[in-house]
Amino acid sequence: FLPGDRQVDNRRLMQALVKAASAAGVRFRTHTPVAEWQIESGRGQGIRTATGETLQAGIVVNALGCWAGRIPPLGSR
């Protein structure tokens, strides 16, 4: 323990981040298996889900944490 140390309740932090992002217009799709990235000009522009639905977005974020490797690789920079 150090006097300047702090801690965070990860569950509460994530709830606050989801609430703030949702208020800013971010849409979350949980429990939606990804089958394929939609790539245009070398950038991820969307995904195709396991059910065949295509979701387009200006920014696609792989926020799967330790499960990130379960979807097809996008590539690397």
# chains A, B, ... in the order shown; residues from 1 in each chain; ligands from 1
>>> select_by_dssp(residues="chain A", states="helix (DSSP H, G or I)", output="PyMOL selection string")
chain A and resi 10-23+65-70
>>> write_last_selection(atoms="C-alpha atoms", output="JSON list (two decimals), in the first residue's frame")
[["chain", "number", "residue", "atom", "x", "y", "z"],
["A", 10, "ASN", "CA", -14.32, -2.02, -12.66],
["A", 11, "ARG", "CA", -18.01, -2.92, -12.79],
["A", 12, "ARG", "CA", -19.08, 0.60, -11.84],
["A", 13, "LEU", "CA", -16.51, 2.15, -14.18],
["A", 14, "MET", "CA", -17.82, 0.12, -17.14],
["A", 15, "GLN", "CA", -21.42, 1.00, -16.29],
["A", 16, "ALA", "CA", -20.49, 4.70, -16.28],
["A", 17, "LEU", "CA", -18.57, 4.40, -19.57],
["A", 18, "VAL", "CA", -21.47, 2.58, -21.27],
["A", 19, "LYS", "CA", -23.93, 5.19, -20.01],
["A", 20, "ALA", "CA", -21.77, 8.09, -21.22],
["A", 21, "ALA", "CA", -21.08, 6.48, -24.60],
["A", 22, "SER", "CA", -24.76, 5.64, -25.10],
["A", 23, "ALA", "CA", -25.70, 9.24, -24.33],
["A", 65, "GLY", "CA", -11.02, -8.27, -24.07],
["A", 66, "CYS", "CA", -9.62, -11.78, -23.58],
["A", 67, "TRP", "CA", -12.09, -13.09, -26.22],
["A", 68, "ALA", "CA", -10.78, -10.75, -28.96],
["A", 69, "GLY", "CA", -9.11, -13.65, -30.76],
["A", 70, "ARG", "CA", -12.45, -15.38, -31.35]]
>>> select_by_dssp(residues="chain A", states="strand (DSSP E or B)", output="PyMOL selection string")
chain A and resi 34-40+43-49+54-56
>>> write_last_selection(atoms="C-alpha atoms", output="mmCIF file, in the first residue's frame")
data_model
loop_
_atom_site.group_PDB
_atom_site.id
_atom_site.type_symbol
_atom_site.label_atom_id
_atom_site.label_comp_id
_atom_site.auth_asym_id
_atom_site.auth_seq_id
_atom_site.Cartn_x
_atom_site.Cartn_y
_atom_site.Cartn_z
ATOM 1 C CA VAL A 34 -18.898 -11.646 -35.739
ATOM 2 C CA ALA A 35 -18.308 -13.743 -38.850
ATOM 3 C CA GLU A 36 -16.396 -11.262 -40.993
ATOM 4 C CA TRP A 37 -14.979 -7.738 -41.080
ATOM 5 C CA GLN A 38 -16.188 -5.427 -43.843
ATOM 6 C CA ILE A 39 -12.988 -3.809 -45.179
ATOM 7 C CA GLU A 40 -12.815 -0.816 -47.525
ATOM 8 C CA ARG A 43 -10.053 0.037 -42.947
ATOM 9 C CA GLY A 44 -12.735 -1.756 -40.980
ATOM 10 C CA GLN A 45 -16.036 -0.211 -42.067
ATOM 11 C CA GLY A 46 -18.391 -2.711 -40.495
ATOM 12 C CA ILE A 47 -18.987 -6.366 -39.752
ATOM 13 C CA ARG A 48 -21.096 -9.269 -40.937
ATOM 14 C CA THR A 49 -22.639 -11.163 -38.047
ATOM 15 C CA THR A 54 -24.303 -6.450 -41.981
ATOM 16 C CA LEU A 55 -23.566 -3.573 -39.605
ATOM 17 C CA GLN A 56 -21.817 -0.509 -41.056
#
>>> atom_distance(atom1="CA of Arg27 in chain A", atom2="CA of Pro73 in chain A")
22.2 Å
>>> atom_distance(atom1="CA of His31 in chain A", atom2="CA of Asp9 in chain A")
23.4 Å
>>> closest_residue(among="A:Ile71, A:Leu64, A:Leu2, A:Ala50", to="Thr30 in chain A", atoms="only C-alpha atoms")
A:Leu64
>>> closest_residue(among="A:Pro72, A:Gly42, A:Gly58, A:Gly4", to="Val26 in chain A", atoms="only C-alpha atoms")
A:Gly58
>>> decode(residues="range 22-37 of chain A", atoms="N, CA and C atoms", output="short mmCIF file (atom, residue, chain, number, x, y, z; two decimals), in the first residue's frame")
data_model
loop_
_atom_site.label_atom_id
_atom_site.label_comp_id
_atom_site.auth_asym_id
_atom_site.auth_seq_id
_atom_site.Cartn_x
_atom_site.Cartn_y
_atom_site.Cartn_z
N SER A 22 -23.39 5.75 -24.57
CA SER A 22 -24.76 5.64 -25.10
C SER A 22 -25.39 7.02 -25.25
N ALA A 23 -25.16 7.88 -24.26
CA ALA A 23 -25.70 9.24 -24.33
C ALA A 23 -25.09 10.03 -25.49
N ALA A 24 -23.87 9.64 -25.89
CA ALA A 24 -23.19 10.31 -27.01
C ALA A 24 -23.55 9.68 -28.36
N GLY A 25 -24.43 8.67 -28.34
CA GLY A 25 -24.88 8.08 -29.60
C GLY A 25 -24.26 6.75 -29.96
N VAL A 26 -23.38 6.22 -29.12
CA VAL A 26 -22.78 4.91 -29.39
C VAL A 26 -23.83 3.83 -29.19
N ARG A 27 -23.86 2.88 -30.13
CA ARG A 27 -24.77 1.73 -30.01
C ARG A 27 -23.95 0.49 -29.70
N PHE A 28 -24.35 -0.25 -28.70
CA PHE A 28 -23.66 -1.47 -28.30
C PHE A 28 -24.46 -2.67 -28.78
N ARG A 29 -23.77 -3.66 -29.34
CA ARG A 29 -24.41 -4.90 -29.77
C ARG A 29 -23.74 -6.03 -29.01
N THR A 30 -24.34 -6.44 -27.91
CA THR A 30 -23.77 -7.52 -27.11
C THR A 30 -24.29 -8.86 -27.62
N HIS A 31 -23.55 -9.90 -27.33
CA HIS A 31 -23.93 -11.27 -27.71
C HIS A 31 -24.23 -11.36 -29.21
N THR A 32 -23.40 -10.73 -30.03
CA THR A 32 -23.56 -10.73 -31.48
C THR A 32 -22.29 -11.28 -32.11
N PRO A 33 -22.26 -12.59 -32.41
CA PRO A 33 -21.04 -13.18 -32.98
C PRO A 33 -20.68 -12.55 -34.33
N VAL A 34 -19.40 -12.24 -34.50
CA VAL A 34 -18.90 -11.65 -35.74
C VAL A 34 -18.36 -12.75 -36.63
N ALA A 35 -18.80 -12.76 -37.89
CA ALA A 35 -18.31 -13.74 -38.85
C ALA A 35 -17.23 -13.16 -39.74
N GLU A 36 -17.32 -11.86 -40.02
CA GLU A 36 -16.40 -11.26 -40.99
C GLU A 36 -16.33 -9.75 -40.82
N TRP A 37 -15.15 -9.18 -41.03
CA TRP A 37 -14.98 -7.74 -41.08
C TRP A 37 -15.35 -7.25 -42.47
#
